[in-house]
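These notes concern the structure reproduced below.
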Amino acid sequence: GAAVWGTPYRWGCTLIAYRKDKVPAKDNPPSDWSDLWREEYKGRVAIGGGPREMLTAALRAEGLSGNALDMGPGGGSSVRNRLTDFRRKQLLVQDNTQYIQALACGDAWIAVGPSDDLLSLARRSSLIGLAVPRSGTTLFADVWCVPASAALKPGGVSPLVSQWLDFTTQPARVNLRIGLRGGVSPNVFDGRR
């Protein structure tokens with residue numbers, strides 16, 4: 001594939017959120033993907049982010065990469081079985097809107113979804129706890145880019161593109177992106193680890 005060049009304007013990761021009133025600290029709140037299959041969460045897990053999030057959770061729970069191509073000697077049967085088991089026993093809802101509502105009202109005790117959704121809910125409710133899965137998570141970044149075909153259109157690439165990129169990535173504009181979903185601006189990093 002061809003290289004893609006762009007200017008990142010936000011990033012995030014997949015998190016596990018839980019209801020502190022339903023899963024108190026003494027009961028070991030979820031901290032990794034395999035915890036989603038615990039018996040006490042039967043019918044109480046909500047997933048946002050589409051089917052890919054559920055597949056990633058199953059792959060990670062099996063100790064594989066979220067991008068695994070080689071499923072090991074069983075050819076993916078353990079992942080397939082885990083997914084089937086999850087859908088039948090653990091899953092309450094899988095919907096980009098309803099999963100956050102189910103967690104907020106307490107129908108779901110556990111939720112998996114993008115950090116922008118779950119951080120927003122946790123800021124509004126002290127009943128929500130968050131965890132970055134110990135074994136790793138999925139990172140995502142959104143970028144501004146100019147399609148290669150833009151140069152072929154009448155008038156070509158707008159001369160304002162570079163000004164737009166500079167404007168939207170200024171540190172002073174980090175929290176002023178009205179109309180865009182959350183996420184963290186790359187400007188919050190100073191380049192050190």
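Each chain in the structure tokens gets a letter, A, B and so on, in the order shown; residues start at 1 in every chain, and ligands are counted from 1 in the order they appear.
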TODO: For Arg60 in chain A, work out the shell of residues within 9 Å, counting only C-alpha atoms and skipping chain neighbours fewer than 5 positions away, then give it as an MDAnalysis selection string.
DONE: chainID A and resid 32:34 55 65:66 135:137
Residues of range 83-153 of chain A that have any atom at most 7 Å from an atom of range 44-51 of chain A: could you tabulate them with the shortest-distance atom pair and the distance in Å to one decimal, using only C-alpha atoms, ordered by chain and increasing number, as JSON lines?
```
{"residue": "A:Gln90", "atom": "CA", "partner": "A:Val45", "partner_atom": "CA", "distance": 5.8}
{"residue": "A:Leu91", "atom": "CA", "partner": "A:Val45", "partner_atom": "CA", "distance": 5.0}
{"residue": "A:Leu92", "atom": "CA", "partner": "A:Val45", "partner_atom": "CA", "distance": 5.4}
{"residue": "A:Val93", "atom": "CA", "partner": "A:Ala46", "partner_atom": "CA", "distance": 4.9}
{"residue": "A:Gln94", "atom": "CA", "partner": "A:Ile47", "partner_atom": "CA", "distance": 4.7}
{"residue": "A:Asp95", "atom": "CA", "partner": "A:Gly48", "partner_atom": "CA", "distance": 5.4}
{"residue": "A:Asn96", "atom": "CA", "partner": "A:Gly48", "partner_atom": "CA", "distance": 4.5}
{"residue": "A:Tyr99", "atom": "CA", "partner": "A:Ala46", "partner_atom": "CA", "distance": 5.0}
{"residue": "A:Asp107", "atom": "CA", "partner": "A:Arg44", "partner_atom": "CA", "distance": 6.8}
{"residue": "A:Ala108", "atom": "CA", "partner": "A:Arg44", "partner_atom": "CA", "distance": 4.5}
{"residue": "A:Trp109", "atom": "CA", "partner": "A:Arg44", "partner_atom": "CA", "distance": 5.3}
{"residue": "A:Ile110", "atom": "CA", "partner": "A:Val45", "partner_atom": "CA", "distance": 4.8}
{"residue": "A:Ala111", "atom": "CA", "partner": "A:Ala46", "partner_atom": "CA", "distance": 4.6}
{"residue": "A:Val112", "atom": "CA", "partner": "A:Ile47", "partner_atom": "CA", "distance": 4.9}
{"residue": "A:Gly113", "atom": "CA", "partner": "A:Gly48", "partner_atom": "CA", "distance": 4.7}
{"residue": "A:Pro114", "atom": "CA", "partner": "A:Gly49", "partner_atom": "CA", "distance": 6.7}
```
Check: Running DSSP on the backbone, which parts of chain A land in strand (DSSP E), as a PyMOL selection string?
Finding: chain A and resi 7-19+45-47+91-94+110-114+128-131+139-144
Could you please take those selected residues and save N, CA, C and O atoms as a compact mmCIF listing (two decimals), in the first residue's frame?
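out-v9.txt, freshly written:
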```
# COMPACT_ATOMS: atom_id res chain seq x y z
N THR A 7 -1.86 14.92 9.31
CA THR A 7 -1.56 15.63 10.55
C THR A 7 -2.52 15.12 11.62
O THR A 7 -3.73 15.32 11.51
N PRO A 8 -2.01 14.44 12.66
CA PRO A 8 -2.92 13.94 13.70
C PRO A 8 -3.53 15.09 14.49
O PRO A 8 -2.87 16.07 14.80
N TYR A 9 -4.83 14.97 14.78
CA TYR A 9 -5.47 16.00 15.58
C TYR A 9 -6.09 15.45 16.86
O TYR A 9 -6.46 16.21 17.75
N ARG A 10 -6.19 14.13 16.99
CA ARG A 10 -6.63 13.53 18.25
C ARG A 10 -6.28 12.06 18.23
O ARG A 10 -6.09 11.46 17.18
N TRP A 11 -6.21 11.47 19.42
CA TRP A 11 -5.94 10.05 19.54
C TRP A 11 -6.68 9.54 20.77
O TRP A 11 -7.17 10.31 21.59
N GLY A 12 -6.74 8.25 20.90
CA GLY A 12 -7.38 7.64 22.06
C GLY A 12 -7.06 6.16 22.11
O GLY A 12 -6.23 5.66 21.33
N CYS A 13 -7.71 5.46 23.01
CA CYS A 13 -7.49 4.02 23.16
C CYS A 13 -8.79 3.36 23.62
O CYS A 13 -9.74 4.02 24.00
N THR A 14 -8.80 2.04 23.58
CA THR A 14 -9.94 1.28 24.08
C THR A 14 -9.75 1.05 25.57
O THR A 14 -8.67 0.65 26.01
N LEU A 15 -10.80 1.32 26.33
CA LEU A 15 -10.76 1.17 27.79
C LEU A 15 -11.83 0.19 28.26
O LEU A 15 -12.80 -0.08 27.54
N ILE A 16 -11.65 -0.29 29.47
CA ILE A 16 -12.68 -1.05 30.18
C ILE A 16 -13.20 -0.14 31.28
O ILE A 16 -12.42 0.41 32.06
N ALA A 17 -14.50 0.06 31.31
CA ALA A 17 -15.14 0.86 32.36
C ALA A 17 -16.02 -0.06 33.19
O ALA A 17 -16.49 -1.09 32.70
N TYR A 18 -16.22 0.30 34.44
CA TYR A 18 -17.07 -0.52 35.32
C TYR A 18 -17.79 0.36 36.31
O TYR A 18 -17.38 1.48 36.60
N ARG A 19 -18.90 -0.15 36.80
CA ARG A 19 -19.70 0.54 37.82
C ARG A 19 -19.11 0.23 39.19
O ARG A 19 -19.08 -0.92 39.62
N VAL A 45 -22.25 -7.14 30.41
CA VAL A 45 -21.16 -6.48 29.69
C VAL A 45 -21.71 -5.80 28.44
O VAL A 45 -22.45 -6.40 27.67
N ALA A 46 -21.33 -4.55 28.25
CA ALA A 46 -21.74 -3.77 27.08
C ALA A 46 -20.51 -3.42 26.26
O ALA A 46 -19.45 -3.13 26.82
N ILE A 47 -20.66 -3.46 24.95
CA ILE A 47 -19.54 -3.19 24.04
C ILE A 47 -19.93 -2.06 23.09
O ILE A 47 -20.99 -2.09 22.48
N LEU A 91 -22.72 -10.85 27.02
CA LEU A 91 -23.11 -9.63 26.33
C LEU A 91 -24.52 -9.17 26.68
O LEU A 91 -25.48 -9.92 26.53
N LEU A 92 -24.62 -7.93 27.12
CA LEU A 92 -25.91 -7.30 27.36
C LEU A 92 -26.33 -6.51 26.12
O LEU A 92 -27.44 -6.65 25.63
N VAL A 93 -25.40 -5.70 25.61
CA VAL A 93 -25.69 -4.87 24.44
C VAL A 93 -24.40 -4.58 23.69
O VAL A 93 -23.34 -4.47 24.29
N GLN A 94 -24.53 -4.53 22.36
CA GLN A 94 -23.40 -4.14 21.50
C GLN A 94 -23.92 -3.08 20.54
O GLN A 94 -24.49 -3.39 19.50
N ILE A 110 -20.11 -3.58 33.28
CA ILE A 110 -18.82 -3.45 32.60
C ILE A 110 -19.10 -2.95 31.19
O ILE A 110 -20.09 -3.35 30.57
N ALA A 111 -18.22 -2.09 30.67
CA ALA A 111 -18.34 -1.64 29.28
C ALA A 111 -16.95 -1.53 28.67
O ALA A 111 -15.98 -1.20 29.35
N VAL A 112 -16.88 -1.82 27.39
CA VAL A 112 -15.65 -1.68 26.62
C VAL A 112 -15.94 -0.71 25.49
O VAL A 112 -16.94 -0.86 24.79
N GLY A 113 -15.08 0.28 25.35
CA GLY A 113 -15.30 1.25 24.28
C GLY A 113 -14.18 2.26 24.16
O GLY A 113 -13.20 2.21 24.91
N PRO A 114 -14.34 3.18 23.24
CA PRO A 114 -13.31 4.20 23.02
C PRO A 114 -13.16 5.13 24.21
O PRO A 114 -14.14 5.48 24.88
N ILE A 128 -18.31 5.60 37.99
CA ILE A 128 -17.63 4.92 36.89
C ILE A 128 -16.13 4.84 37.17
O ILE A 128 -15.47 5.85 37.41
N GLY A 129 -15.60 3.62 37.13
CA GLY A 129 -14.16 3.39 37.23
C GLY A 129 -13.64 3.00 35.85
O GLY A 129 -14.39 2.46 35.03
N LEU A 130 -12.37 3.26 35.61
CA LEU A 130 -11.77 2.97 34.31
C LEU A 130 -10.50 2.14 34.46
O LEU A 130 -9.79 2.27 35.46
N ALA A 131 -10.22 1.34 33.45
CA ALA A 131 -8.98 0.57 33.42
C ALA A 131 -8.46 0.48 32.00
O ALA A 131 -9.23 0.24 31.07
N LEU A 139 -4.86 1.41 20.20
CA LEU A 139 -4.73 2.86 20.07
C LEU A 139 -5.30 3.28 18.73
O LEU A 139 -5.25 2.53 17.77
N PHE A 140 -5.86 4.49 18.69
CA PHE A 140 -6.34 5.01 17.41
C PHE A 140 -5.95 6.48 17.30
O PHE A 140 -5.73 7.15 18.31
N ALA A 141 -5.83 6.94 16.09
CA ALA A 141 -5.53 8.35 15.83
C ALA A 141 -6.37 8.80 14.65
O ALA A 141 -6.57 8.06 13.69
N ASP A 142 -6.87 10.01 14.73
CA ASP A 142 -7.58 10.63 13.62
C ASP A 142 -6.67 11.69 13.04
O ASP A 142 -6.01 12.43 13.79
N VAL A 143 -6.64 11.75 11.73
CA VAL A 143 -5.72 12.69 11.06
C VAL A 143 -6.45 13.51 10.01
O VAL A 143 -7.42 13.06 9.41
N TRP A 144 -5.99 14.73 9.82
CA TRP A 144 -6.41 15.54 8.69
C TRP A 144 -5.49 15.15 7.54
O TRP A 144 -4.28 15.04 7.71
```
- Which distance in Å separates CA of Ser185 in chain A and CA of Ala57 in chain A, to one decimal?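 Between CA of Ser185 in chain A and CA of Ala57 in chain A the gap is 25.6 Å.
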Margin query: For the structure I just gave you, how does DSSP split range 42-169 of chain A - specifically, which residues are helix (DSSP H, G or I)? Reply as a VMD selection string.
Written below: chain A and resid 51 to 61 77 to 90 98 to 105 115 to 124 148 to 152 161 to 168
